[in-house]
Amino acid sequence: MRRLLLPFALLLVFTACNNSATENKNKGEESTGEDAPVVPAKPGGTFTVTILDRDKDTSSIRFNFTVDTLKYERTYNDLPLIKGYPDSAVYKVFWDAPNSVWVGFIKPNRDTRYYHGSQDKASLKILWVPSPPKRIYQYMEKYVGLGDAIRQQEMVQEYDKEIKSGQIIAHFIVRLKELKEPNMKGVYLEFGGIRRELEMPVPQGAKPYIQVVSEDHCVVGLLTPDGEKEDYYEVKVVNGRIGYKQVQTALNIK
C-alpha cells in the first residue's frame, strides 16, 4: 500500500454547509539525505512518547529524549489521532542513527504525522517534519509497522451501523452496488435520510472493498491483483452530515 493517504487538498463534499477547520502546526525542518540507505541503528539513548487527552478530538504529545548525558523534553499540542486503536498501533518509533530517531503517528483521515529527534552538537531537538524523506516513511510503513492496524482491517462489501452524530441517530450505510456499465462499481451512501450514489472505476483484476476506519468513517477502494490497496473514496459522518472525498482521480492498476 502506498503511503497512508498522502496529504491532499481535496474538499470533503457534504450534503449540508461545510465548516472549515485549520490545523495548528508547529514549525519543523525537513531532513535531507533522500537517497541514503535506511539501516536500523542501536539507540544511543532513550525516546519515550506520552499521549495526553486521548479521548478528545485532538491530543497533546509529550516526548522525552535522551542521548548519553543529554536530556530534552518537548510537548506538541492539537494533534488529531485515529481512535479505536491502542497507542502501540497509533505510533511507531525508529532509530536511524544512535542520535537520530523518528516517530510517526496515524491521524483520523489515515494520513501520517512525523517528528524527528536529533542531536545538534551539545543539545537535542525534536521537530515536526511535514515531508519526511521518502526512504524514512517507506521504511517505517513497510518494515516498522506504522499503519499495519489499518491495512489489516477486514474488507467488506457493505457497512451498516446505527450511530449518533450531532443530534442525529441513524444508520450509517456504505454499500457497493453492481452497475450496468462494465468495469464500474456503484457506491451507495446513507445517513439521516440523506442518500448519495457514486461511481468507481474497477479495472480488470481489481476487487472493490470497504474498510471501516471508525464507526463514522469508511474508505472505499480497490485491491490490486498484486495485493496492494488503492483507496478511492473517503466517507465520513461529521456533526450529523454525511460527506465524501475522492482520494484519487485515477487508479493505475495493470
# chains A, B, ... in the order shown; residues from 1 in each chain; ligands from 1
>>> select_by_dssp(residues="stretch 29-221 of chain A", states="helix (DSSP H, G or I)", output="ChimeraX atom specification")
/A:87-90,134-144,148-151
>>> write_last_selection(atoms="C-alpha atoms", output="CSV table (one decimal), in the first residue's frame")
chain,number,residue,atom,x,y,z
A,87,ASP,CA,-1.3,3.6,21.5
A,88,SER,CA,1.1,0.9,20.2
A,89,ALA,CA,-0.8,0.9,16.9
A,90,VAL,CA,-1.2,4.7,16.7
A,134,LYS,CA,10.7,9.1,1.3
A,135,ARG,CA,13.2,6.4,2.4
A,136,ILE,CA,12.2,7.0,6.0
A,137,TYR,CA,8.4,6.9,5.7
A,138,GLN,CA,8.6,4.0,3.3
A,139,TYR,CA,10.7,2.0,5.8
A,140,MET,CA,8.6,2.9,8.8
A,141,GLU,CA,5.3,2.0,7.0
A,142,LYS,CA,6.7,-1.2,5.3
A,143,TYR,CA,9.1,-2.6,8.0
A,144,VAL,CA,8.4,-0.9,11.3
A,148,ASP,CA,-0.4,-2.1,9.9
A,149,ALA,CA,-3.5,-2.0,12.1
A,150,ILE,CA,-5.4,-0.1,9.4
A,151,ARG,CA,-4.1,-2.1,6.5
>>> residues_around(residues="stretch 97-112 of chain A", least_positions_apart="6", cutoff="10 Å", atoms="only C-alpha atoms", output="PDB file with N, CA, C and O atoms, in the first residue's frame")
ATOM      1  N   ARG A   3       1.953   5.164   0.715  1.00  0.00           N
ATOM      2  CA  ARG A   3       1.942   5.896   1.978  1.00  0.00           C
ATOM      3  C   ARG A   3       0.515   6.234   2.376  1.00  0.00           C
ATOM      4  O   ARG A   3      -0.299   6.618   1.541  1.00  0.00           O
ATOM      5  N   LEU A   4       0.207   6.093   3.649  1.00  0.00           N
ATOM      6  CA  LEU A   4      -1.150   6.272   4.137  1.00  0.00           C
ATOM      7  C   LEU A   4      -1.714   7.616   3.741  1.00  0.00           C
ATOM      8  O   LEU A   4      -1.348   8.643   4.269  1.00  0.00           O
ATOM      9  N   LEU A   5      -2.599   7.608   2.760  1.00  0.00           N
ATOM     10  CA  LEU A   5      -3.282   8.821   2.330  1.00  0.00           C
ATOM     11  C   LEU A   5      -2.381  10.035   2.362  1.00  0.00           C
ATOM     12  O   LEU A   5      -2.443  10.857   3.262  1.00  0.00           O
ATOM     13  N   LEU A   6      -1.531  10.155   1.366  1.00  0.00           N
ATOM     14  CA  LEU A   6      -0.652  11.309   1.271  1.00  0.00           C
ATOM     15  C   LEU A   6      -1.460  12.595   1.374  1.00  0.00           C
ATOM     16  O   LEU A   6      -2.622  12.648   0.975  1.00  0.00           O
ATOM     17  N   PRO A   7      -0.885  13.667   1.913  1.00  0.00           N
ATOM     18  CA  PRO A   7      -1.639  14.913   2.056  1.00  0.00           C
ATOM     19  C   PRO A   7      -2.212  15.376   0.728  1.00  0.00           C
ATOM     20  O   PRO A   7      -1.544  15.346  -0.289  1.00  0.00           O
ATOM     21  N   PHE A   8      -3.457  15.789   0.736  1.00  0.00           N
ATOM     22  CA  PHE A   8      -4.075  16.274  -0.488  1.00  0.00           C
ATOM     23  C   PHE A   8      -4.956  17.465  -0.156  1.00  0.00           C
ATOM     24  O   PHE A   8      -5.321  17.677   0.978  1.00  0.00           O
ATOM     25  N   VAL A  38      18.560   3.090   4.417  1.00  0.00           N
ATOM     26  CA  VAL A  38      17.983   3.056   5.754  1.00  0.00           C
ATOM     27  C   VAL A  38      18.500   1.809   6.469  1.00  0.00           C
ATOM     28  O   VAL A  38      18.240   0.687   6.036  1.00  0.00           O
ATOM     29  N   VAL A  39      19.232   2.018   7.538  1.00  0.00           N
ATOM     30  CA  VAL A  39      19.776   0.917   8.333  1.00  0.00           C
ATOM     31  C   VAL A  39      19.407   1.154   9.789  1.00  0.00           C
ATOM     32  O   VAL A  39      19.780   2.185  10.356  1.00  0.00           O
ATOM     33  N   PRO A  40      18.656   0.255  10.405  1.00  0.00           N
ATOM     34  CA  PRO A  40      18.326   0.435  11.823  1.00  0.00           C
ATOM     35  C   PRO A  40      19.588   0.569  12.671  1.00  0.00           C
ATOM     36  O   PRO A  40      20.568  -0.146  12.457  1.00  0.00           O
ATOM     37  N   ALA A  41      19.544   1.509  13.609  1.00  0.00           N
ATOM     38  CA  ALA A  41      20.719   1.778  14.437  1.00  0.00           C
ATOM     39  C   ALA A  41      20.444   1.384  15.883  1.00  0.00           C
ATOM     40  O   ALA A  41      19.290   1.327  16.329  1.00  0.00           O
ATOM     41  N   LYS A  42      21.516   1.118  16.603  1.00  0.00           N
ATOM     42  CA  LYS A  42      21.402   0.893  18.035  1.00  0.00           C
ATOM     43  C   LYS A  42      21.208   2.242  18.717  1.00  0.00           C
ATOM     44  O   LYS A  42      22.027   3.145  18.545  1.00  0.00           O
ATOM     45  N   PRO A  43      20.108   2.426  19.453  1.00  0.00           N
ATOM     46  CA  PRO A  43      19.855   3.727  20.088  1.00  0.00           C
ATOM     47  C   PRO A  43      20.987   4.138  21.014  1.00  0.00           C
ATOM     48  O   PRO A  43      21.509   3.334  21.781  1.00  0.00           O
ATOM     49  N   GLY A  44      21.354   5.421  20.926  1.00  0.00           N
ATOM     50  CA  GLY A  44      22.366   5.964  21.819  1.00  0.00           C
ATOM     51  C   GLY A  44      21.762   6.552  23.071  1.00  0.00           C
ATOM     52  O   GLY A  44      22.449   7.245  23.836  1.00  0.00           O
ATOM     53  N   GLY A  45      20.459   6.324  23.275  1.00  0.00           N
ATOM     54  CA  GLY A  45      19.760   6.856  24.440  1.00  0.00           C
ATOM     55  C   GLY A  45      18.362   6.299  24.504  1.00  0.00           C
ATOM     56  O   GLY A  45      18.121   5.141  24.138  1.00  0.00           O
ATOM     57  N   THR A  46      17.419   7.114  24.924  1.00  0.00           N
ATOM     58  CA  THR A  46      16.023   6.689  25.049  1.00  0.00           C
ATOM     59  C   THR A  46      15.108   7.726  24.403  1.00  0.00           C
ATOM     60  O   THR A  46      15.447   8.906  24.291  1.00  0.00           O
ATOM     61  N   PHE A  47      13.935   7.252  23.994  1.00  0.00           N
ATOM     62  CA  PHE A  47      12.930   8.148  23.418  1.00  0.00           C
ATOM     63  C   PHE A  47      11.571   7.614  23.839  1.00  0.00           C
ATOM     64  O   PHE A  47      11.192   6.497  23.468  1.00  0.00           O
ATOM     65  N   THR A  48      10.837   8.389  24.631  1.00  0.00           N
ATOM     66  CA  THR A  48       9.524   7.955  25.094  1.00  0.00           C
ATOM     67  C   THR A  48       8.449   8.906  24.596  1.00  0.00           C
ATOM     68  O   THR A  48       8.680  10.104  24.411  1.00  0.00           O
ATOM     69  N   VAL A  49       7.270   8.346  24.381  1.00  0.00           N
ATOM     70  CA  VAL A  49       6.123   9.096  23.870  1.00  0.00           C
ATOM     71  C   VAL A  49       4.981   8.955  24.863  1.00  0.00           C
ATOM     72  O   VAL A  49       4.621   7.840  25.250  1.00  0.00           O
ATOM     73  N   ASP A  57     -10.852  15.333  20.780  1.00  0.00           N
ATOM     74  CA  ASP A  57     -10.688  15.423  19.332  1.00  0.00           C
ATOM     75  C   ASP A  57      -9.225  15.574  18.933  1.00  0.00           C
ATOM     76  O   ASP A  57      -8.794  15.049  17.903  1.00  0.00           O
ATOM     77  N   THR A  58      -8.472  16.326  19.724  1.00  0.00           N
ATOM     78  CA  THR A  58      -7.039  16.459  19.483  1.00  0.00           C
ATOM     79  C   THR A  58      -6.288  16.135  20.765  1.00  0.00           C
ATOM     80  O   THR A  58      -6.799  16.349  21.871  1.00  0.00           O
ATOM     81  N   PHE A  63       7.209  14.292  24.392  1.00  0.00           N
ATOM     82  CA  PHE A  63       8.382  13.494  24.057  1.00  0.00           C
ATOM     83  C   PHE A  63       9.459  13.705  25.118  1.00  0.00           C
ATOM     84  O   PHE A  63       9.714  14.836  25.536  1.00  0.00           O
ATOM     85  N   PHE A  65      13.492  12.706  25.419  1.00  0.00           N
ATOM     86  CA  PHE A  65      14.567  12.258  24.544  1.00  0.00           C
ATOM     87  C   PHE A  65      15.895  12.388  25.281  1.00  0.00           C
ATOM     88  O   PHE A  65      16.191  13.449  25.847  1.00  0.00           O
ATOM     89  N   THR A  66      16.671  11.307  25.303  1.00  0.00           N
ATOM     90  CA  THR A  66      17.998  11.368  25.906  1.00  0.00           C
ATOM     91  C   THR A  66      19.021  10.755  24.956  1.00  0.00           C
ATOM     92  O   THR A  66      18.712   9.795  24.232  1.00  0.00           O
ATOM     93  N   VAL A  67      20.207  11.302  24.923  1.00  0.00           N
ATOM     94  CA  VAL A  67      21.366  10.740  24.232  1.00  0.00           C
ATOM     95  C   VAL A  67      22.559  10.946  25.144  1.00  0.00           C
ATOM     96  O   VAL A  67      22.886  12.097  25.482  1.00  0.00           O
ATOM     97  N   ASP A  68      23.175   9.855  25.556  1.00  0.00           N
ATOM     98  CA  ASP A  68      24.262   9.930  26.536  1.00  0.00           C
ATOM     99  C   ASP A  68      23.768  10.704  27.770  1.00  0.00           C
ATOM    100  O   ASP A  68      22.778  10.332  28.377  1.00  0.00           O
ATOM    101  N   LEU A  79      -2.867  17.628  18.133  1.00  0.00           N
ATOM    102  CA  LEU A  79      -2.640  16.587  17.135  1.00  0.00           C
ATOM    103  C   LEU A  79      -3.838  15.636  17.123  1.00  0.00           C
ATOM    104  O   LEU A  79      -4.101  14.947  18.107  1.00  0.00           O
ATOM    105  N   PRO A  80      -4.595  15.575  16.014  1.00  0.00           N
ATOM    106  CA  PRO A  80      -5.692  14.608  15.928  1.00  0.00           C
ATOM    107  C   PRO A  80      -5.132  13.212  15.673  1.00  0.00           C
ATOM    108  O   PRO A  80      -4.279  13.029  14.807  1.00  0.00           O
ATOM    109  N   LEU A  81      -5.608  12.235  16.444  1.00  0.00           N
ATOM    110  CA  LEU A  81      -5.128  10.867  16.318  1.00  0.00           C
ATOM    111  C   LEU A  81      -6.300   9.928  16.041  1.00  0.00           C
ATOM    112  O   LEU A  81      -7.411  10.142  16.523  1.00  0.00           O
ATOM    113  N   ILE A  82      -6.028   8.900  15.267  1.00  0.00           N
ATOM    114  CA  ILE A  82      -7.066   7.919  14.974  1.00  0.00           C
ATOM    115  C   ILE A  82      -7.523   7.259  16.272  1.00  0.00           C
ATOM    116  O   ILE A  82      -6.725   7.023  17.181  1.00  0.00           O
ATOM    117  N   LYS A  83      -8.807   6.997  16.373  1.00  0.00           N
ATOM    118  CA  LYS A  83      -9.379   6.436  17.591  1.00  0.00           C
ATOM    119  C   LYS A  83      -9.722   4.962  17.392  1.00  0.00           C
ATOM    120  O   LYS A  83      -9.819   4.474  16.280  1.00  0.00           O
ATOM    121  N   ASP A  87      -2.403   2.626  21.787  1.00  0.00           N
ATOM    122  CA  ASP A  87      -1.312   3.552  21.457  1.00  0.00           C
ATOM    123  C   ASP A  87      -0.217   2.868  20.647  1.00  0.00           C
ATOM    124  O   ASP A  87       0.405   3.489  19.776  1.00  0.00           O
ATOM    125  N   ALA A  89      -0.465   0.911  18.296  1.00  0.00           N
ATOM    126  CA  ALA A  89      -0.812   0.880  16.877  1.00  0.00           C
ATOM    127  C   ALA A  89      -0.904   2.280  16.285  1.00  0.00           C
ATOM    128  O   ALA A  89      -0.848   2.448  15.070  1.00  0.00           O
ATOM    129  N   VAL A  90      -1.046   3.282  17.147  1.00  0.00           N
ATOM    130  CA  VAL A  90      -1.220   4.661  16.684  1.00  0.00           C
ATOM    131  C   VAL A  90       0.118   5.287  16.294  1.00  0.00           C
ATOM    132  O   VAL A  90       0.179   6.126  15.399  1.00  0.00           O
ATOM    133  N   TYR A  91       1.206   4.885  16.947  1.00  0.00           N
ATOM    134  CA  TYR A  91       2.512   5.460  16.614  1.00  0.00           C
ATOM    135  C   TYR A  91       3.591   4.386  16.626  1.00  0.00           C
ATOM    136  O   TYR A  91       3.470   3.343  17.276  1.00  0.00           O
ATOM    137  N   SER A 118      16.850  14.655  17.100  1.00  0.00           N
ATOM    138  CA  SER A 118      18.250  14.574  16.684  1.00  0.00           C
ATOM    139  C   SER A 118      19.131  15.370  17.635  1.00  0.00           C
ATOM    140  O   SER A 118      18.654  16.161  18.449  1.00  0.00           O
ATOM    141  N   GLN A 119      20.432  15.150  17.503  1.00  0.00           N
ATOM    142  CA  GLN A 119      21.410  15.853  18.327  1.00  0.00           C
ATOM    143  C   GLN A 119      22.029  16.969  17.512  1.00  0.00           C
ATOM    144  O   GLN A 119      22.451  16.773  16.377  1.00  0.00           O
ATOM    145  N   ASP A 120      22.082  18.157  18.107  1.00  0.00           N
ATOM    146  CA  ASP A 120      22.720  19.316  17.482  1.00  0.00           C
ATOM    147  C   ASP A 120      23.857  19.765  18.399  1.00  0.00           C
ATOM    148  O   ASP A 120      23.647  20.531  19.334  1.00  0.00           O
ATOM    149  N   LEU A 124      19.835  18.632  22.219  1.00  0.00           N
ATOM    150  CA  LEU A 124      18.905  17.796  21.478  1.00  0.00           C
ATOM    151  C   LEU A 124      17.733  18.639  21.004  1.00  0.00           C
ATOM    152  O   LEU A 124      17.411  19.673  21.577  1.00  0.00           O
ATOM    153  N   LYS A 125      17.069  18.177  19.945  1.00  0.00           N
ATOM    154  CA  LYS A 125      15.882  18.867  19.443  1.00  0.00           C
ATOM    155  C   LYS A 125      14.914  17.833  18.884  1.00  0.00           C
ATOM    156  O   LYS A 125      15.316  16.744  18.455  1.00  0.00           O
ATOM    157  N   ILE A 126      13.636  18.197  18.902  1.00  0.00           N
ATOM    158  CA  ILE A 126      12.583  17.367  18.323  1.00  0.00           C
ATOM    159  C   ILE A 126      11.713  18.278  17.475  1.00  0.00           C
ATOM    160  O   ILE A 126      11.121  19.236  17.985  1.00  0.00           O
ATOM    161  N   LEU A 127      11.641  18.005  16.189  1.00  0.00           N
ATOM    162  CA  LEU A 127      10.902  18.856  15.263  1.00  0.00           C
ATOM    163  C   LEU A 127       9.835  18.066  14.508  1.00  0.00           C
ATOM    164  O   LEU A 127      10.017  16.883  14.212  1.00  0.00           O
ATOM    165  N   TRP A 128       8.729  18.745  14.246  1.00  0.00           N
ATOM    166  CA  TRP A 128       7.731  18.186  13.330  1.00  0.00           C
ATOM    167  C   TRP A 128       8.279  18.296  11.916  1.00  0.00           C
ATOM    168  O   TRP A 128       8.772  19.341  11.507  1.00  0.00           O
ATOM    169  N   VAL A 129       8.190  17.208  11.147  1.00  0.00           N
ATOM    170  CA  VAL A 129       8.707  17.173   9.779  1.00  0.00           C
ATOM    171  C   VAL A 129       7.527  16.997   8.827  1.00  0.00           C
ATOM    172  O   VAL A 129       6.997  15.897   8.675  1.00  0.00           O
ATOM    173  N   PRO A 130       7.080  18.063   8.165  1.00  0.00           N
ATOM    174  CA  PRO A 130       5.923  17.961   7.271  1.00  0.00           C
ATOM    175  C   PRO A 130       6.131  16.966   6.130  1.00  0.00           C
ATOM    176  O   PRO A 130       5.194  16.281   5.728  1.00  0.00           O
ATOM    177  N   PRO A 132       8.787  14.081   5.520  1.00  0.00           N
ATOM    178  CA  PRO A 132       9.981  13.298   5.845  1.00  0.00           C
ATOM    179  C   PRO A 132      10.570  12.679   4.586  1.00  0.00           C
ATOM    180  O   PRO A 132       9.877  12.520   3.576  1.00  0.00           O
ATOM    181  N   ILE A 136      12.585   7.213   4.642  1.00  0.00           N
ATOM    182  CA  ILE A 136      12.199   7.047   6.045  1.00  0.00           C
ATOM    183  C   ILE A 136      10.755   6.592   6.154  1.00  0.00           C
ATOM    184  O   ILE A 136      10.443   5.603   6.831  1.00  0.00           O
ATOM    185  N   TYR A 137       9.818   7.316   5.500  1.00  0.00           N
ATOM    186  CA  TYR A 137       8.414   6.934   5.686  1.00  0.00           C
ATOM    187  C   TYR A 137       8.115   5.587   5.034  1.00  0.00           C
ATOM    188  O   TYR A 137       7.292   4.820   5.525  1.00  0.00           O
ATOM    189  N   MET A 140       9.387   2.972   7.560  1.00  0.00           N
ATOM    190  CA  MET A 140       8.555   2.884   8.751  1.00  0.00           C
ATOM    191  C   MET A 140       7.214   2.235   8.453  1.00  0.00           C
ATOM    192  O   MET A 140       6.677   1.484   9.269  1.00  0.00           O
ATOM    193  N   GLU A 141       6.652   2.501   7.280  1.00  0.00           N
ATOM    194  CA  GLU A 141       5.335   1.968   6.961  1.00  0.00           C
ATOM    195  C   GLU A 141       5.394   0.572   6.364  1.00  0.00           C
ATOM    196  O   GLU A 141       4.383  -0.136   6.340  1.00  0.00           O
ATOM    197  N   LEU A 146       4.137   0.990  10.924  1.00  0.00           N
ATOM    198  CA  LEU A 146       3.214   2.116  11.063  1.00  0.00           C
ATOM    199  C   LEU A 146       2.074   1.960  10.061  1.00  0.00           C
ATOM    200  O   LEU A 146       2.295   1.907   8.856  1.00  0.00           O
ATOM    201  N   GLY A 147       0.848   1.892  10.555  1.00  0.00           N
ATOM    202  CA  GLY A 147      -0.318   1.738   9.687  1.00  0.00           C
ATOM    203  C   GLY A 147      -0.769   0.302   9.494  1.00  0.00           C
ATOM    204  O   GLY A 147      -1.784   0.060   8.850  1.00  0.00           O
ATOM    205  N   ILE A 150      -4.419  -0.516  10.358  1.00  0.00           N
ATOM    206  CA  ILE A 150      -5.418  -0.090   9.381  1.00  0.00           C
ATOM    207  C   ILE A 150      -5.403  -0.997   8.165  1.00  0.00           C
ATOM    208  O   ILE A 150      -6.440  -1.443   7.679  1.00  0.00           O
ATOM    209  N   VAL A 213     -12.795   2.544   9.186  1.00  0.00           N
ATOM    210  CA  VAL A 213     -11.760   3.201   9.980  1.00  0.00           C
ATOM    211  C   VAL A 213     -12.255   3.400  11.410  1.00  0.00           C
ATOM    212  O   VAL A 213     -11.552   3.131  12.381  1.00  0.00           O
ATOM    213  N   SER A 214     -13.478   3.891  11.537  1.00  0.00           N
ATOM    214  CA  SER A 214     -14.159   4.017  12.821  1.00  0.00           C
ATOM    215  C   SER A 214     -15.646   3.944  12.528  1.00  0.00           C
ATOM    216  O   SER A 214     -16.057   3.855  11.368  1.00  0.00           O
ATOM    217  N   HIS A 217     -16.663   6.441   9.885  1.00  0.00           N
ATOM    218  CA  HIS A 217     -15.627   6.743   8.891  1.00  0.00           C
ATOM    219  C   HIS A 217     -15.247   5.468   8.134  1.00  0.00           C
ATOM    220  O   HIS A 217     -14.818   4.484   8.742  1.00  0.00           O
ATOM    221  N   CYS A 218     -15.420   5.485   6.815  1.00  0.00           N
ATOM    222  CA  CYS A 218     -15.065   4.349   5.965  1.00  0.00           C
ATOM    223  C   CYS A 218     -14.222   4.825   4.789  1.00  0.00           C
ATOM    224  O   CYS A 218     -14.271   5.994   4.398  1.00  0.00           O
ATOM    225  N   VAL A 219     -13.478   3.891   4.208  1.00  0.00           N
ATOM    226  CA  VAL A 219     -12.818   4.154   2.940  1.00  0.00           C
ATOM    227  C   VAL A 219     -13.263   3.081   1.953  1.00  0.00           C
ATOM    228  O   VAL A 219     -13.519   1.935   2.330  1.00  0.00           O
ATOM    229  N   GLU A 234     -13.141   8.464   0.478  1.00  0.00           N
ATOM    230  CA  GLU A 234     -13.209   8.509   1.933  1.00  0.00           C
ATOM    231  C   GLU A 234     -14.601   9.012   2.291  1.00  0.00           C
ATOM    232  O   GLU A 234     -15.052  10.040   1.785  1.00  0.00           O
ATOM    233  N   VAL A 235     -15.313   8.282   3.135  1.00  0.00           N
ATOM    234  CA  VAL A 235     -16.695   8.605   3.501  1.00  0.00           C
ATOM    235  C   VAL A 235     -16.772   8.795   5.011  1.00  0.00           C
ATOM    236  O   VAL A 235     -16.275   7.957   5.771  1.00  0.00           O
ATOM    237  N   LYS A 236     -17.405   9.891   5.428  1.00  0.00           N
ATOM    238  CA  LYS A 236     -17.431  10.173   6.867  1.00  0.00           C
ATOM    239  C   LYS A 236     -18.711  10.922   7.239  1.00  0.00           C
ATOM    240  O   LYS A 236     -19.244  11.694   6.440  1.00  0.00           O
TER     241      LYS A 236
END
>>> atom_distance(atom1="atom CA of A:Thr50", atom2="atom CA of A:Tyr85")
15.2 Å
>>> closest_residue(among="A:Ile61, A:Ala170, A:Met155, A:Ala122", to="A:Asp78", atoms="only C-alpha atoms")
A:Ile61
>>> select_by_dssp(residues="stretch 65-215 of chain A", states="strand (DSSP E)", output="PyMOL selection string")
chain A and resi 65-67+70-79+91-97+100-106+112-120+123-129+158-165+168-178+184-191+194-201+207-214
>>> residues_around(residues="A:Ile163", least_positions_apart="3", cutoff="8 Å", atoms="only C-alpha atoms", output="list in words")
Ile169, Ala170, His171, Phe172, Glu215 and Asp216 of chain A
>>> closest_residue(among="A:Lys207, A:Lys180, A:Lys164, A:Lys185", to="A:Arg241", atoms="only C-alpha atoms")
A:Lys164
>>> residues_around(residues="A:Ser123", least_positions_apart="5", cutoff="9 Å", atoms="only C-alpha atoms", output="list of chain:residue names")
A:Leu70, A:Lys71, A:Tyr72, A:Ser118
>>> closest_residue(among="A:Ser165, A:Asn239, A:Asn183, A:Gln211", to="A:Glu199", atoms="only C-alpha atoms")
A:Asn183
>>> atom_distance(atom1="atom CA of A:Glu158", atom2="atom CA of A:Ile173")
7.4 Å
>>> closest_residue(among="A:Val202, A:Val220, A:Met184, A:Val156", to="A:Lys245", atoms="only C-alpha atoms")
A:Val220
>>> residues_around(residues="A:Val174", least_positions_apart="4", cutoff="8 Å", atoms="only C-alpha atoms", output="list in words")
Glu158, Tyr159, Asp160, Val187, Tyr188, Leu189, Glu190, Ile210 and Cys218 of chain A
>>> write_last_selection(atoms="N, CA and C atoms", output="mmCIF file, in the first residue's frame")
data_model
loop_
_atom_site.group_PDB
_atom_site.id
_atom_site.type_symbol
_atom_site.label_atom_id
_atom_site.label_comp_id
_atom_site.auth_asym_id
_atom_site.auth_seq_id
_atom_site.Cartn_x
_atom_site.Cartn_y
_atom_site.Cartn_z
ATOM 1 N N GLU A 158 -20.331 -4.237 2.373
ATOM 2 C CA GLU A 158 -21.363 -3.353 2.926
ATOM 3 C C GLU A 158 -21.066 -3.067 4.388
ATOM 4 N N TYR A 159 -21.291 -1.809 4.787
ATOM 5 C CA TYR A 159 -21.181 -1.415 6.187
ATOM 6 C C TYR A 159 -22.489 -0.747 6.583
ATOM 7 N N ASP A 160 -23.086 -1.215 7.674
ATOM 8 C CA ASP A 160 -24.376 -0.690 8.137
ATOM 9 C C ASP A 160 -24.348 -0.694 9.658
ATOM 10 N N VAL A 187 -21.307 3.028 -5.540
ATOM 11 C CA VAL A 187 -21.051 3.187 -4.107
ATOM 12 C C VAL A 187 -22.227 3.958 -3.525
ATOM 13 N N TYR A 188 -23.006 3.303 -2.683
ATOM 14 C CA TYR A 188 -24.203 3.902 -2.087
ATOM 15 C C TYR A 188 -23.885 4.384 -0.684
ATOM 16 N N LEU A 189 -24.273 5.632 -0.377
ATOM 17 C CA LEU A 189 -24.026 6.235 0.927
ATOM 18 C C LEU A 189 -25.346 6.693 1.530
ATOM 19 N N GLU A 190 -25.496 6.540 2.844
ATOM 20 C CA GLU A 190 -26.729 6.985 3.501
ATOM 21 C C GLU A 190 -26.478 7.311 4.962
ATOM 22 N N ILE A 210 -14.642 -2.142 1.011
ATOM 23 C CA ILE A 210 -14.938 -1.123 2.009
ATOM 24 C C ILE A 210 -14.160 -1.512 3.255
ATOM 25 N N CYS A 218 -15.420 5.485 6.815
ATOM 26 C CA CYS A 218 -15.065 4.349 5.965
ATOM 27 C C CYS A 218 -14.222 4.825 4.789
#
>>> closest_residue(among="A:Val212, A:Ile242, A:Glu178, A:Asp226", to="A:Arg196", atoms="only C-alpha atoms")
A:Ile242
>>> decode(residues="stretch 233-243 of chain A", atoms="N, CA, C and O atoms", output="CSV table (one decimal), in the first residue's frame")
chain,number,residue,atom,x,y,z
A,233,TYR,N,-12.4,6.5,-2.4
A,233,TYR,CA,-13.2,7.4,-1.7
A,233,TYR,C,-13.0,7.3,-0.2
A,233,TYR,O,-12.8,6.2,0.3
A,234,GLU,N,-13.1,8.5,0.5
A,234,GLU,CA,-13.2,8.5,1.9
A,234,GLU,C,-14.6,9.0,2.3
A,234,GLU,O,-15.1,10.0,1.8
A,235,VAL,N,-15.3,8.3,3.1
A,235,VAL,CA,-16.7,8.6,3.5
A,235,VAL,C,-16.8,8.8,5.0
A,235,VAL,O,-16.3,8.0,5.8
A,236,LYS,N,-17.4,9.9,5.4
A,236,LYS,CA,-17.4,10.2,6.9
A,236,LYS,C,-18.7,10.9,7.2
A,236,LYS,O,-19.2,11.7,6.4
A,237,VAL,N,-19.2,10.7,8.5
A,237,VAL,CA,-20.3,11.4,9.0
A,237,VAL,C,-19.7,12.4,10.1
A,237,VAL,O,-19.0,12.0,11.0
A,238,VAL,N,-20.0,13.7,9.9
A,238,VAL,CA,-19.4,14.7,10.8
A,238,VAL,C,-20.6,15.6,11.2
A,238,VAL,O,-21.3,16.2,10.4
A,239,ASN,N,-20.8,15.7,12.5
A,239,ASN,CA,-21.9,16.6,13.1
A,239,ASN,C,-23.2,16.4,12.4
A,239,ASN,O,-23.9,17.3,12.0
A,240,GLY,N,-23.6,15.1,12.2
A,240,GLY,CA,-24.9,14.8,11.6
A,240,GLY,C,-24.9,14.8,10.1
A,240,GLY,O,-26.0,14.6,9.5
A,241,ARG,N,-23.8,15.1,9.4
A,241,ARG,CA,-23.8,15.3,8.0
A,241,ARG,C,-22.9,14.2,7.3
A,241,ARG,O,-21.8,14.0,7.8
A,242,ILE,N,-23.4,13.6,6.3
A,242,ILE,CA,-22.6,12.6,5.6
A,242,ILE,C,-21.9,13.3,4.4
A,242,ILE,O,-22.5,14.1,3.8
A,243,GLY,N,-20.6,12.9,4.3
A,243,GLY,CA,-19.8,13.5,3.2
A,243,GLY,C,-18.8,12.5,2.6
A,243,GLY,O,-18.6,11.5,3.2
